[in-house]
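Source file: input_3.csv; contents: CSV, C-alpha atoms and all ligand atoms.
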chain,number,residue,atom,x,y,z
B,236,MET,CA,-3.5,-51.2,7.7
B,237,GLU,CA,-0.1,-49.9,6.5
B,238,SER,CA,-1.7,-47.1,4.5
B,239,LEU,CA,-3.8,-46.0,7.4
B,240,LYS,CA,-0.7,-45.7,9.5
B,241,GLU,CA,1.0,-43.7,6.8
B,242,GLU,CA,-2.1,-41.4,6.6
B,243,TYR,CA,-2.0,-40.9,10.3
B,244,LEU,CA,1.7,-40.1,10.2
B,245,ASN,CA,1.1,-37.7,7.4
B,246,MET,CA,-1.6,-36.0,9.4
B,247,GLU,CA,0.6,-35.7,12.4
B,248,SER,CA,3.4,-34.2,10.4
B,249,LEU,CA,0.9,-31.7,8.8
B,250,LYS,CA,-0.3,-30.8,12.3
B,251,GLU,CA,3.3,-30.3,13.4
B,252,GLN,CA,4.0,-28.1,10.4
B,253,TYR,CA,0.9,-26.1,11.1
B,254,LEU,CA,1.9,-25.6,14.8
B,255,LYS,CA,5.4,-24.7,13.8
B,256,MET,CA,4.1,-22.2,11.3
B,257,ARG,CA,1.9,-20.7,14.0
B,258,GLU,CA,4.8,-20.5,16.3
B,259,ILE,CA,6.9,-18.7,13.7
B,260,LYS,CA,4.1,-16.3,13.0
B,261,ALA,CA,3.6,-15.5,16.6
B,262,LYS,CA,7.3,-14.8,17.0
B,263,LEU,CA,7.3,-12.6,13.9
B,264,GLN,CA,4.3,-10.7,15.3
B,265,GLN,CA,6.1,-10.2,18.6
B,266,GLN,CA,9.0,-8.6,16.6
B,267,GLY,CA,6.5,-6.1,15.2
B,268,ASN,CA,5.7,-7.8,11.9
B,269,ILE,CA,2.3,-7.5,10.4
B,270,GLU,CA,0.5,-10.1,8.2
B,271,CYS,CA,-0.6,-8.7,4.9
B,272,ARG,CA,-4.4,-9.3,4.3
B,273,LYS,CA,-3.8,-9.8,0.6
B,274,CYS,CA,-0.7,-11.9,0.0
B,275,GLY,CA,-0.6,-13.4,3.6
B,276,GLY,CA,3.1,-12.6,4.0
B,277,MET,CA,4.5,-11.5,7.3
B,278,LYS,CA,6.3,-8.3,6.7
B,279,ASP,CA,7.9,-5.6,8.9
B,280,LYS,CA,5.7,-2.6,9.6
B,281,GLU,CA,7.7,-0.4,7.3
B,282,SER,CA,6.3,-2.5,4.4
B,283,PHE,CA,2.9,-1.0,5.3
B,284,SER,CA,2.2,2.6,4.4
B,285,PHE,CA,0.3,4.9,6.8
B,286,ARG,CA,-3.4,5.4,6.5
B,287,ASN,CA,-3.3,8.0,9.2
B,288,LYS,CA,0.2,9.1,10.2
B,289,ALA,CA,-0.8,11.2,13.2
B,290,LEU,CA,-2.6,8.2,14.8
B,291,GLU,CA,0.0,5.7,13.4
B,292,ILE,CA,-2.6,3.6,11.7
B,293,ARG,CA,-1.2,1.5,8.9
B,294,ARG,CA,-2.9,-0.2,6.0
B,295,LYS,CA,-3.8,-3.8,6.3
B,296,ILE,CA,-2.3,-4.5,2.8
B,297,CYS,CA,1.5,-4.2,2.1
B,298,ARG,CA,3.0,-1.7,-0.2
B,299,GLU,CA,3.7,-4.3,-2.9
B,300,CYS,CA,0.1,-5.5,-2.9
B,301,VAL,CA,-1.1,-1.8,-3.0
B,302,LYS,CA,1.1,-1.3,-6.0
B,303,ILE,CA,-0.3,-4.3,-7.8
B,304,TYR,CA,-3.9,-3.3,-6.8
B,305,ASN,CA,-3.3,0.2,-8.2
B,306,LYS,CA,-1.9,-1.1,-11.4
B,307,GLU,CA,-4.9,-3.5,-11.9
B,308,ARG,CA,-7.3,-0.6,-11.2
B,309,TYR,CA,-5.5,1.6,-13.7
B,310,ASN,CA,-5.6,-1.1,-16.3
B,311,LYS,CA,-9.3,-1.6,-15.8
B,312,ASN,CA,-10.3,2.1,-15.4
B,313,GLY,CA,-7.3,3.8,-17.0
B,314,ASP,CA,-9.3,6.0,-19.3
B,315,LYS,CA,-11.6,7.2,-16.4
B,316,ILE,CA,-8.6,7.9,-14.2
B,317,LYS,CA,-6.8,9.8,-17.0
B,318,LEU,CA,-9.9,11.9,-17.6
B,319,HIS,CA,-10.3,12.6,-13.9
B,320,GLU,CA,-6.6,13.7,-13.7
B,321,TYR,CA,-6.9,15.8,-16.8
B,322,ILE,CA,-9.9,17.6,-15.4
B,323,LYS,CA,-8.1,18.1,-12.0
B,324,TYR,CA,-5.0,19.5,-13.8
B,325,HIS,CA,-7.0,22.0,-15.8
B,326,LYS,CA,-9.1,23.1,-12.8
B,327,LYS,CA,-5.9,23.9,-10.9
B,328,LYS,CA,-4.5,25.7,-13.9
B,329,GLN,CA,-7.6,27.8,-14.1
B,330,GLU,CA,-7.5,28.6,-10.4
B,331,LYS,CA,-3.9,29.7,-10.7
B,332,GLN,CA,-4.8,32.0,-13.7
B,333,GLN,CA,-7.7,33.5,-11.8
B,334,GLN,CA,-5.4,34.2,-8.8
B,335,LYS,CA,-2.9,35.9,-11.1
B,336,GLN,CA,-5.6,38.0,-12.6
B,337,GLN,CA,-6.9,39.0,-9.2
B,338,GLN,CA,-3.4,40.0,-8.2
B,339,VAL,CA,-3.0,42.3,-11.3
B,340,PHE,CA,-6.2,44.2,-10.6
B,401,ZN,ZN,1.0,-8.2,0.5
Could you spell out this file's structure in structure tokens?
Amino acid sequence: MESLKEEYLNMESLKEQYLKMREIKAKLQQQGNIECRKCGGMKDKESFSFRNKALEIRRKICRECVKIYNKERYNKNGDKIKLHEYIKYHKKKQEKQQQKQQQVF
């Protein structure tokens, strides 16, 4: 009997905690904070970079999570990304050289 009562009280306090958390979350959202889809943290909108600056659309994932994501991606596909950047760099260089040659003639 005693343990049941305790369990019930525990549940009640959990419920209270949950409601309190929801209240805090709603308050933070009212103040313009956004919940990060990845880490679940409530952060001010400046912590979210723009996806489209003209339309003021921001990412759903905070800057820190994006940083971690990029790092993980780089660790996994580092060689591919390096090769891609290498090719891009040399293409640009070639284009510049061609432009210079065109200017000379
Ligand atoms: Zn995050």
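Neighbouring residues of ligand ZN 401 (chain B) at a cut-off of 7 Å, counting only C-alpha atoms and all ligand atoms, are Cys271, Arg272, Lys273, Cys274, Gly275, Gly276, Ile296, Cys297, Arg298, Glu299 and Cys300 of chain B.
Atom CA of Lys295 of chain B lies 12.1 Å from atom CA of Asp279 of chain B.
The space separating atom CA of Val301 of chain B from atom CA of Phe285 of chain B comes to 12.0 Å.
Separating atom CA of Gln336 of chain B from atom CA of Leu318 of chain B is a distance of 26.9 Å.
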Would you list the contacts of Arg294 of chain B as a compact mmCIF listing (two decimals) with C-alpha atoms, in the coordinates of the input, taking every protein, DNA or RNA residue within 7 Å and counting only C-alpha atoms, but skipping same-chain residues closer than 6 positions in sequence?
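Output contents, as saved in around_24.txt:
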# COMPACT_ATOMS: atom_id res chain seq x y z
CA PHE B 283 2.90 -1.00 5.30
CA SER B 284 2.20 2.60 4.40
CA PHE B 285 0.30 4.90 6.80
CA ARG B 286 -3.40 5.40 6.50
Handout entry: Selection near Lys280 of chain B, 8 Å with only C-alpha atoms, sequence-local residues under 2 positions removed, as a PyMOL selection string
Key = chain B and resi 267-269+278+282-283
Export of prior selection with C-alpha atoms as a PDB file, in the coordinates of the input:
ATOM      1  CA  GLY B 267       6.500  -6.100  15.200  1.00  0.00           C
ATOM      2  CA  ASN B 268       5.700  -7.800  11.900  1.00  0.00           C
ATOM      3  CA  ILE B 269       2.300  -7.500  10.400  1.00  0.00           C
ATOM      4  CA  LYS B 278       6.300  -8.300   6.700  1.00  0.00           C
ATOM      5  CA  SER B 282       6.300  -2.500   4.400  1.00  0.00           C
ATOM      6  CA  PHE B 283       2.900  -1.000   5.300  1.00  0.00           C
TER       7      PHE B 283
END
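The nearest approach to Met277 of chain B among the residues B:Met246, B:Leu239, B:Ile322, B:Met256, with all atoms listed in the file taken into account, belongs to B:Met256.
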